[in-house]
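Trainee: Just so it is clear, I am handing over coords18.cif, which has mmCIF, C-alpha atoms.
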data_model
loop_
_atom_site.label_atom_id
_atom_site.label_comp_id
_atom_site.auth_asym_id
_atom_site.auth_seq_id
_atom_site.Cartn_x
_atom_site.Cartn_y
_atom_site.Cartn_z
CA PRO A 1 22.09 -41.98 29.30
CA SER A 2 19.16 -39.62 28.94
CA LEU A 3 15.54 -39.65 29.92
CA ALA A 4 13.05 -40.60 27.25
CA ARG A 5 9.31 -40.26 27.15
CA PRO A 6 7.70 -43.74 27.08
CA ARG A 7 5.86 -44.47 23.84
CA ASP A 8 3.81 -47.34 25.24
CA LEU A 9 1.90 -46.72 28.46
CA THR A 10 1.29 -50.41 29.19
CA LEU A 11 4.09 -50.61 31.75
CA THR A 12 3.06 -47.30 33.30
CA ARG A 13 -0.51 -48.51 33.73
CA GLN A 14 0.72 -51.75 35.32
CA VAL A 15 2.97 -49.89 37.75
CA VAL A 16 0.15 -47.57 38.80
CA ALA A 17 -2.37 -50.43 39.06
CA VAL A 18 -0.01 -52.42 41.31
CA SER A 19 1.45 -49.59 43.38
CA LEU A 20 -1.66 -47.60 44.27
CA PRO A 21 -3.39 -50.39 46.25
CA SER A 22 -0.09 -51.09 48.05
CA PHE A 23 0.19 -47.43 49.02
CA ALA A 24 -3.46 -47.34 50.11
CA GLU A 25 -2.96 -50.55 52.11
CA GLY A 26 -0.25 -49.01 54.25
CA MET A 27 -2.15 -45.73 54.63
CA SER A 28 -5.35 -47.48 55.73
CA SER A 29 -3.60 -49.05 58.72
CA THR A 30 -1.70 -45.87 59.54
CA LEU A 31 -4.78 -43.66 59.46
CA ALA A 32 -6.82 -46.15 61.49
CA ASN A 33 -4.29 -45.87 64.31
CA PHE A 34 -5.29 -42.26 65.04
CA PRO A 35 -8.89 -42.96 66.09
CA PHE A 36 -7.79 -46.23 67.69
CA ASN A 37 -5.42 -44.28 69.92
CA SER A 38 -8.36 -42.08 70.90
CA LEU A 39 -10.36 -45.19 71.74
CA THR A 40 -7.67 -46.57 74.03
CA LEU A 41 -7.42 -43.17 75.74
CA LEU A 42 -11.03 -43.61 76.90
CA PHE A 43 -9.55 -46.06 79.42
CA GLY A 44 -6.77 -43.71 80.49
CA THR A 45 -3.25 -42.80 79.42
CA GLU A 46 -2.02 -46.04 80.97
CA ALA A 47 -4.12 -48.09 78.54
CA ASN A 48 -2.82 -46.07 75.61
CA ALA A 49 0.78 -46.51 76.76
CA ALA A 50 0.11 -50.22 77.25
CA TYR A 51 -1.12 -50.58 73.67
CA HIS A 52 2.10 -49.09 72.34
CA ILE A 53 4.17 -51.31 74.62
CA GLY A 54 2.40 -54.43 73.36
CA ARG A 55 2.72 -53.26 69.79
CA ARG A 56 6.42 -52.57 70.21
CA ILE A 57 7.00 -56.01 71.73
CA TYR A 58 5.37 -57.91 68.88
CA GLN A 59 7.01 -55.74 66.22
CA GLN A 60 10.48 -56.23 67.68
CA LEU A 61 10.09 -59.98 68.21
CA THR A 62 8.20 -60.94 65.07
CA GLY A 63 8.47 -58.05 62.60
CA PRO A 64 11.65 -59.27 60.88
CA LEU A 65 10.06 -62.70 60.46
CA TYR A 66 6.66 -61.85 59.01
CA ARG A 67 8.17 -59.20 56.74
CA SER A 68 10.65 -61.78 55.49
CA PHE A 69 7.92 -64.32 54.78
CA SER A 70 6.01 -61.69 52.82
CA THR A 71 9.06 -60.64 50.79
CA VAL A 72 10.26 -64.19 50.10
CA SER A 73 6.85 -65.41 48.98
CA SER A 74 6.47 -62.39 46.69
CA ILE A 75 9.87 -62.96 45.06
CA VAL A 76 9.67 -66.75 44.75
CA VAL A 77 6.10 -66.84 43.49
CA GLY A 78 6.71 -63.94 41.12
CA GLN A 79 9.74 -65.66 39.61
CA LEU A 80 7.93 -68.97 39.16
CA LEU A 81 4.92 -67.32 37.57
CA GLY A 82 7.25 -65.41 35.27
CA GLU A 83 8.67 -68.75 34.15
CA GLY A 84 5.18 -70.12 33.54
CA GLU A 85 5.32 -72.54 36.49
CA SER A 86 1.93 -71.84 38.05
CA ASP A 87 1.69 -75.20 39.86
CA GLU A 88 5.16 -74.75 41.32
CA ALA A 89 4.25 -71.22 42.36
CA ARG A 90 1.21 -72.46 44.27
CA TYR A 91 3.26 -75.21 45.92
CA ALA A 92 5.96 -72.72 46.95
CA ALA A 93 3.33 -70.39 48.41
CA GLU A 94 1.85 -73.21 50.49
CA ALA A 95 5.30 -74.32 51.68
CA ILE A 96 6.18 -70.78 52.80
CA LEU A 97 2.76 -70.53 54.47
CA ALA A 98 3.46 -73.70 56.48
CA LEU A 99 6.87 -72.41 57.56
CA SER A 100 5.38 -69.04 58.50
CA LEU A 101 2.61 -70.61 60.59
CA GLY A 102 5.07 -72.82 62.43
CA THR A 103 7.56 -70.04 63.14
CA LEU A 104 5.13 -67.31 64.12
CA GLY A 105 3.03 -69.83 66.03
CA VAL A 106 5.99 -70.61 68.27
CA ASP A 107 6.70 -66.89 68.68
CA GLY A 108 3.07 -66.36 69.66
CA VAL A 109 3.31 -69.00 72.38
CA VAL A 110 6.50 -67.41 73.74
CA MET A 111 4.87 -63.97 73.77
CA PHE A 112 1.74 -65.26 75.48
CA VAL A 113 3.53 -67.20 78.19
CA GLY A 114 6.24 -64.59 78.76
CA ALA A 115 4.00 -61.51 78.45
CA ALA A 116 4.56 -60.28 82.00
CA GLU A 117 8.34 -60.61 81.77
CA LEU A 118 8.44 -58.86 78.40
CA VAL A 119 6.27 -56.00 79.62
CA ALA A 120 8.47 -55.56 82.70
CA VAL A 121 11.29 -54.44 80.40
CA PHE A 122 9.21 -51.39 79.41
CA THR A 123 7.30 -50.33 82.53
CA ARG A 124 7.07 -50.84 86.28
CA ASP A 125 3.74 -49.09 86.65
CA ARG A 126 1.28 -51.73 87.84
CA LEU A 127 -1.79 -50.43 85.98
CA THR A 128 0.08 -49.88 82.72
CA ALA A 129 1.74 -53.28 83.02
CA GLY A 130 -1.61 -54.99 83.56
CA TYR A 131 -3.05 -53.47 80.40
CA ALA A 132 0.16 -54.14 78.47
CA VAL A 133 0.12 -57.84 79.36
CA GLY A 134 -3.39 -58.00 77.91
CA PHE A 135 -2.36 -56.25 74.69
CA THR A 136 0.75 -58.42 74.36
CA ARG A 137 -1.33 -61.57 74.70
CA ALA A 138 -3.84 -60.26 72.16
CA PHE A 139 -0.98 -59.76 69.71
CA ALA A 140 0.38 -63.20 70.65
CA VAL A 141 -2.92 -64.86 69.73
CA SER A 142 -2.89 -62.84 66.51
CA MET A 143 0.43 -64.35 65.44
CA LEU A 144 -1.55 -67.25 63.95
CA PHE A 145 -3.28 -64.78 61.64
CA PHE A 146 -0.03 -62.94 60.90
CA GLY A 147 1.43 -66.29 59.91
CA ILE A 148 -1.34 -66.67 57.34
CA PHE A 149 -1.69 -63.10 56.10
CA PHE A 150 1.87 -62.09 55.32
CA PRO A 151 3.01 -65.03 53.16
CA LEU A 152 -0.27 -65.15 51.28
CA ALA A 153 -0.35 -61.39 50.82
CA GLY A 154 3.21 -61.62 49.49
CA THR A 155 2.10 -64.37 47.12
CA LEU A 156 -0.73 -62.26 45.76
CA ARG A 157 1.52 -59.23 45.36
CA GLY A 158 4.08 -61.36 43.52
CA ALA A 159 1.31 -62.24 41.07
CA GLY A 160 0.35 -58.60 40.65
CA ASP A 161 -2.76 -58.72 42.88
CA THR A 162 -2.23 -55.88 45.35
CA ARG A 163 -5.94 -55.17 45.74
CA THR A 164 -6.81 -58.20 47.87
CA PRO A 165 -4.25 -57.39 50.63
CA PHE A 166 -5.50 -53.80 50.54
CA TYR A 167 -9.12 -54.89 50.97
CA ALA A 168 -8.04 -57.20 53.81
CA ARG A 169 -6.31 -54.48 55.78
CA LEU A 170 -8.93 -51.84 55.08
CA LEU A 171 -11.78 -54.11 56.17
CA GLY A 172 -9.90 -55.35 59.21
CA SER A 173 -8.78 -51.90 60.33
CA VAL A 174 -12.05 -50.04 59.84
CA VAL A 175 -14.71 -52.66 60.56
CA PHE A 176 -13.04 -54.67 63.32
CA MET A 177 -10.16 -52.73 64.87
CA LEU A 178 -12.18 -49.52 65.06
CA GLY A 179 -15.84 -50.51 64.76
CA GLY A 180 -15.59 -53.86 66.52
CA SER A 181 -13.44 -52.54 69.36
CA TYR A 182 -15.77 -49.59 69.97
CA LEU A 183 -18.87 -51.78 69.84
CA LEU A 184 -17.49 -54.37 72.25
CA ALA A 185 -15.65 -52.00 74.58
CA VAL A 186 -18.10 -49.09 74.81
CA VAL A 187 -21.53 -50.08 73.52
CA PHE A 188 -21.55 -53.59 75.04
CA GLU A 189 -19.44 -52.36 77.98
CA PHE A 190 -16.78 -55.07 77.92
CA GLY A 191 -14.19 -52.41 78.60
CA ILE A 192 -10.57 -52.90 77.63
CA VAL A 193 -11.22 -56.60 76.96
CA GLY A 194 -13.40 -55.49 74.05
CA VAL A 195 -10.43 -53.59 72.63
CA TYR A 196 -8.27 -56.71 72.90
CA ALA A 197 -10.95 -58.70 71.08
CA GLY A 198 -11.31 -56.06 68.35
CA LEU A 199 -7.59 -56.24 67.65
CA VAL A 200 -7.61 -60.01 67.33
CA LEU A 201 -10.69 -59.91 65.09
CA SER A 202 -9.05 -57.34 62.81
CA TYR A 203 -6.06 -59.61 62.18
CA ALA A 204 -8.36 -62.60 61.75
CA CYS A 205 -10.15 -60.60 59.05
CA TRP A 206 -6.81 -59.94 57.30
CA ALA A 207 -6.16 -63.67 57.20
CA VAL A 208 -9.63 -64.70 56.02
CA VAL A 209 -9.67 -62.23 53.12
CA VAL A 210 -6.27 -63.26 51.73
CA VAL A 211 -7.10 -66.97 52.14
CA VAL A 212 -10.22 -66.42 50.04
CA GLY A 213 -8.16 -64.45 47.52
CA PHE A 214 -5.53 -67.18 47.36
CA ARG A 215 -7.99 -70.06 47.12
CA ARG A 216 -10.64 -68.54 44.87
CA GLY A 217 -9.03 -65.51 43.25
CA ASP A 218 -7.52 -65.57 39.77
CA TRP A 219 -4.07 -64.40 40.86
CA VAL A 220 -2.38 -66.77 38.41
CA GLY A 221 -4.46 -65.30 35.60
CA THR A 222 -3.57 -61.79 36.75
CA ALA A 223 0.14 -62.61 36.50
CA GLU A 224 -0.25 -64.24 33.10
CA SER A 225 -2.16 -61.22 31.80
CA MET A 226 0.55 -58.82 32.97
CA ILE A 227 3.27 -60.98 31.43
CA ALA A 228 1.38 -61.13 28.13
CA ASP A 229 0.96 -57.35 28.11
CA ARG A 230 4.68 -56.84 28.67
CA ALA A 231 5.57 -59.31 25.94
CA ALA A 232 3.26 -57.52 23.52
CA MET A 233 4.84 -54.20 24.48
CA GLU A 234 8.36 -55.57 23.86
CA ASP A 235 7.31 -56.98 20.49
CA ALA A 236 5.84 -53.65 19.48
CA THR A 237 9.03 -51.87 20.57
CA GLU A 238 11.21 -54.22 18.52
CA ASP A 239 9.00 -53.69 15.45
#
Turn the structure described in the file into structure tokens.
Mentor:
Amino acid sequence: PSLARPRDLTLTRQVVAVSLPSFAEGMSSTLANFPFNSLTLLFGTEANAAYHIGRRIYQQLTGPLYRSFSTVSSIVVGQLLGEGESDEARYAAEAILALSLGTLGVDGVVMFVGAAELVAVFTRDRLTAGYAVGFTRAFAVSMLFFGIFFPLAGTLRGAGDTRTPFYARLLGSVVFMLGGSYLLAVVFEFGIVGVYAGLVLSYACWAVVVVVGFRRGDWVGTAESMIADRAAMEDATED
């Protein structure tokens, strides 16, 4: 086999259009973590360490689940849309959403109730542990929003709409995780509780944006348009 220069740029344009927002989505959250770390450090190194402990706990306990829901919804919905079964695709997305909410909801309850015991695995420092229990419970409450965001974001990506999940994470990270946390914690002087609230609000924002995209966005039309473009490209290649 040898490399060949593509004659039709339709597929290239689709790949770029789909991949760039996905790349930007991940980068927006990653970059937002740098100033957020600085914000937590305003309350001491113990608060910053506590944030990372809480984050590690939720990632270890729930990461494999919410990533799986996102991947499965993307694959299943993408396949159904490719077969022209838009109604079945919507039903599958809603079924996966229900399963995700139930599963991550239970995990959230476990994390909230068992926060102190989970934190004790990572630290014995009383001040750090106190902050970490708060962060862990903030993440636990956020599991409801994770249960909504990840399957619906996967659904939209499976349809070729990678912009809506990007907008969700960008808005949540910049406006609420950074801006909201600073406003509540520093300007309104709620302290570390304001940081907890900013985190929860950021994930709530993720969920609200993708729900709006799923309910009102033309993600089915986006998929159909991409499929039509590929079919036209294949026809032109055969001719």
Trainee: Which value, in Å to one decimal, gives the distance between atom CA of A:Gly194 and atom CA of A:Gly108?
Mentor: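 Interatomic distance, atom CA of A:Gly194 to atom CA of A:Gly108: 20.2 Å.
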Trainee: Show which residues sit within 12 Å of A:Gly102, as a list in words. Count all atoms listed in the file, and ignore same-chain residues fewer than 2 positions away.
Mentor: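 Using all atoms listed in the file, the neighbours found are Leu65, Tyr66, Phe69, Ala95, Ile96, Leu97, Ala98, Leu99, Ser100, Leu104, Gly105, Val106, Asp107, Gly108, Val109, Met143, Leu144, Phe145, Phe146, Gly147 and Ile148 of chain A.
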Trainee: Selected by the PyMOL selection byres ((chain A and resi 158) around 10) in the shown coordinates: which residues, as a list in words?
Mentor: Ser70, Thr71, Val72, Ser73, Ser74, Ile75, Val76, Val77, Gly78, Gln79, Leu80, Leu81, Gly82, Ala89, Leu152, Ala153, Gly154, Thr155, Leu156, Arg157, Ala159, Gly160, Asp161, Thr162, Trp219, Val220 and Ala223 of chain A
Trainee: Please produce a file of the residues just selected, as a CSV table (one decimal), in the coordinates of the input, where the atoms kept are C-alpha atoms.
Mentor:
chain,number,residue,atom,x,y,z
A,70,SER,CA,6.0,-61.7,52.8
A,71,THR,CA,9.1,-60.6,50.8
A,72,VAL,CA,10.3,-64.2,50.1
A,73,SER,CA,6.8,-65.4,49.0
A,74,SER,CA,6.5,-62.4,46.7
A,75,ILE,CA,9.9,-63.0,45.1
A,76,VAL,CA,9.7,-66.8,44.8
A,77,VAL,CA,6.1,-66.8,43.5
A,78,GLY,CA,6.7,-63.9,41.1
A,79,GLN,CA,9.7,-65.7,39.6
A,80,LEU,CA,7.9,-69.0,39.2
A,81,LEU,CA,4.9,-67.3,37.6
A,82,GLY,CA,7.2,-65.4,35.3
A,89,ALA,CA,4.2,-71.2,42.4
A,152,LEU,CA,-0.3,-65.2,51.3
A,153,ALA,CA,-0.4,-61.4,50.8
A,154,GLY,CA,3.2,-61.6,49.5
A,155,THR,CA,2.1,-64.4,47.1
A,156,LEU,CA,-0.7,-62.3,45.8
A,157,ARG,CA,1.5,-59.2,45.4
A,159,ALA,CA,1.3,-62.2,41.1
A,160,GLY,CA,0.4,-58.6,40.6
A,161,ASP,CA,-2.8,-58.7,42.9
A,162,THR,CA,-2.2,-55.9,45.4
A,219,TRP,CA,-4.1,-64.4,40.9
A,220,VAL,CA,-2.4,-66.8,38.4
A,223,ALA,CA,0.1,-62.6,36.5
Trainee: What's the 8 Å shell around A:Cys205, counting all atoms listed in the file, without same-chain residues fewer than 4 positions away, as a list in words?
Mentor: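 Answer for this query is Ala168, Arg169, Leu171, Gly172, Phe176, Leu201 and Val209 of chain A.
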Trainee: What's around A:Gly198 at 9 Å? Count all atoms listed in the file, leave out sequence neighbours fewer than 2 positions away in its own chain, and write the answer as a ChimeraX atom specification.
Mentor: /A:176-185,193-196,200-203
Trainee: The selected residues should be written to file as a compact mmCIF listing (two decimals), keeping the file's coordinate frame (atoms: C-alpha atoms).
Mentor:
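Output contents, as saved in out.txt:
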# COMPACT_ATOMS: atom_id res chain seq x y z
CA PHE A 176 -13.04 -54.67 63.32
CA MET A 177 -10.16 -52.73 64.87
CA LEU A 178 -12.18 -49.52 65.06
CA GLY A 179 -15.84 -50.51 64.76
CA GLY A 180 -15.59 -53.86 66.52
CA SER A 181 -13.44 -52.54 69.36
CA TYR A 182 -15.77 -49.59 69.97
CA LEU A 183 -18.87 -51.78 69.84
CA LEU A 184 -17.49 -54.37 72.25
CA ALA A 185 -15.65 -52.00 74.58
CA VAL A 193 -11.22 -56.60 76.96
CA GLY A 194 -13.40 -55.49 74.05
CA VAL A 195 -10.43 -53.59 72.63
CA TYR A 196 -8.27 -56.71 72.90
CA VAL A 200 -7.61 -60.01 67.33
CA LEU A 201 -10.69 -59.91 65.09
CA SER A 202 -9.05 -57.34 62.81
CA TYR A 203 -6.06 -59.61 62.18
Trainee: If you take only C-alpha atoms and a cut-off of 10 Å, which residues of stretch 92-187 of chain A touch stretch 52-57 of chain A, and what are their nearest atom pairs and distances in Å to one decimal, in chain and number order, as a Markdown table?
Mentor:
| residue | atom | partner | partner_atom | distance |
| --- | --- | --- | --- | --- |
| A:Met111 | CA | A:Ile57 | CA | 8.5 |
| A:Ala115 | CA | A:Gly54 | CA | 8.9 |
| A:Leu118 | CA | A:Ile57 | CA | 7.4 |
| A:Val119 | CA | A:Ile53 | CA | 7.2 |
| A:Val121 | CA | A:Ile53 | CA | 9.7 |
| A:Phe122 | CA | A:Ile53 | CA | 7.0 |
| A:Thr123 | CA | A:Ile53 | CA | 8.6 |
| A:Thr128 | CA | A:Ile53 | CA | 9.2 |
| A:Ala129 | CA | A:Ile53 | CA | 9.0 |
| A:Tyr131 | CA | A:Gly54 | CA | 9.0 |
| A:Ala132 | CA | A:Gly54 | CA | 5.6 |
| A:Val133 | CA | A:Gly54 | CA | 7.3 |
| A:Gly134 | CA | A:Gly54 | CA | 8.2 |
| A:Phe135 | CA | A:Gly54 | CA | 5.3 |
| A:Thr136 | CA | A:Gly54 | CA | 4.4 |
| A:Arg137 | CA | A:Gly54 | CA | 8.2 |
| A:Ala138 | CA | A:Gly54 | CA | 8.6 |
| A:Phe139 | CA | A:Gly54 | CA | 7.3 |
| A:Ala140 | CA | A:Gly54 | CA | 9.4 |
Trainee: From the list A:Ser19, A:Glu94, A:Val174, A:Val212, which residue is nearest A:Phe34 when using only C-alpha atoms?
Mentor: A:Val174
Trainee: How many Å lie between atom CA of A:Glu25 and atom CA of A:Ala93, rounded to one decimal?
Mentor: 21.1 Å
Trainee: Which residue gives the smallest distance to A:Arg215 among A:Arg163, A:Phe149, A:Val141, A:Arg90, with only C-alpha atoms counted?
Mentor: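 Using only C-alpha atoms, the shortest distance to A:Arg215 belongs to A:Arg90.
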Trainee: One number please: atom CA of A:Val210 to atom CA of A:Gly84, in Å, one decimal.
Mentor: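 For atom CA of A:Val210 relative to atom CA of A:Gly84, the distance reads 22.6 Å.
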Trainee: Near A:Phe166, within 9 Å and counting only C-alpha atoms, which residues show up once chain neighbours fewer than 6 positions away are dropped, as an MDAnalysis selection string?
Mentor: chainID A and resid 21:26 28
Trainee: For a quick check of understanding, using only C-alpha atoms, which of A:Phe150, A:Glu189, A:Ala228, A:Leu170 has the smallest distance to A:Ala207?
Mentor: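 Checking each candidate against A:Ala207, we get A:Phe150 as the closest.
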Trainee: Of the candidates A:Thr103, A:Ser29, A:Thr40, A:Ser68, which shows the shortest atom-to-atom distance to A:Pro151, using all atoms listed in the file?
Mentor: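 Checking each candidate against A:Pro151, we get A:Ser68 as the closest.
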Trainee: Generate the coordinates of N, CA, C and O atoms for stretch 65-77 of chain A; report them as a tab-separated table (two decimals), in the coordinates of the input.
Mentor:
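Saved result, selection_8.tsv, follows:
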chain	number	residue	atom	x	y	z
A	65	LEU	N	10.49	-61.41	61.00
A	65	LEU	CA	10.06	-62.70	60.46
A	65	LEU	C	8.89	-62.56	59.49
A	65	LEU	O	8.96	-63.04	58.36
A	66	TYR	N	7.82	-61.90	59.91
A	66	TYR	CA	6.66	-61.85	59.01
A	66	TYR	C	6.93	-60.98	57.78
A	66	TYR	O	6.40	-61.24	56.71
A	67	ARG	N	7.79	-59.98	57.92
A	67	ARG	CA	8.17	-59.20	56.74
A	67	ARG	C	8.99	-60.06	55.78
A	67	ARG	O	8.84	-59.95	54.55
A	68	SER	N	9.85	-60.89	56.33
A	68	SER	CA	10.65	-61.78	55.49
A	68	SER	C	9.79	-62.78	54.75
A	68	SER	O	9.99	-63.02	53.55
A	69	PHE	N	8.81	-63.36	55.44
A	69	PHE	CA	7.92	-64.32	54.78
A	69	PHE	C	7.15	-63.65	53.64
A	69	PHE	O	6.95	-64.24	52.58
A	70	SER	N	6.72	-62.43	53.86
A	70	SER	CA	6.01	-61.69	52.82
A	70	SER	C	6.90	-61.43	51.61
A	70	SER	O	6.50	-61.64	50.46
A	71	THR	N	8.13	-60.97	51.88
A	71	THR	CA	9.06	-60.64	50.79
A	71	THR	C	9.47	-61.89	50.02
A	71	THR	O	9.49	-61.90	48.78
A	72	VAL	N	9.81	-62.96	50.75
A	72	VAL	CA	10.26	-64.19	50.10
A	72	VAL	C	9.16	-64.78	49.24
A	72	VAL	O	9.40	-65.20	48.09
A	73	SER	N	7.95	-64.83	49.76
A	73	SER	CA	6.85	-65.41	48.98
A	73	SER	C	6.59	-64.57	47.73
A	73	SER	O	6.32	-65.12	46.65
A	74	SER	N	6.68	-63.25	47.85
A	74	SER	CA	6.47	-62.39	46.69
A	74	SER	C	7.52	-62.64	45.61
A	74	SER	O	7.19	-62.76	44.43
A	75	ILE	N	8.78	-62.76	46.02
A	75	ILE	CA	9.87	-62.96	45.06
A	75	ILE	C	9.79	-64.35	44.42
A	75	ILE	O	9.84	-64.49	43.19
A	76	VAL	N	9.67	-65.37	45.26
A	76	VAL	CA	9.67	-66.75	44.75
A	76	VAL	C	8.48	-67.00	43.85
A	76	VAL	O	8.61	-67.54	42.73
A	77	VAL	N	7.30	-66.62	44.29
A	77	VAL	CA	6.10	-66.84	43.49
A	77	VAL	C	6.14	-66.02	42.21
A	77	VAL	O	5.79	-66.50	41.13
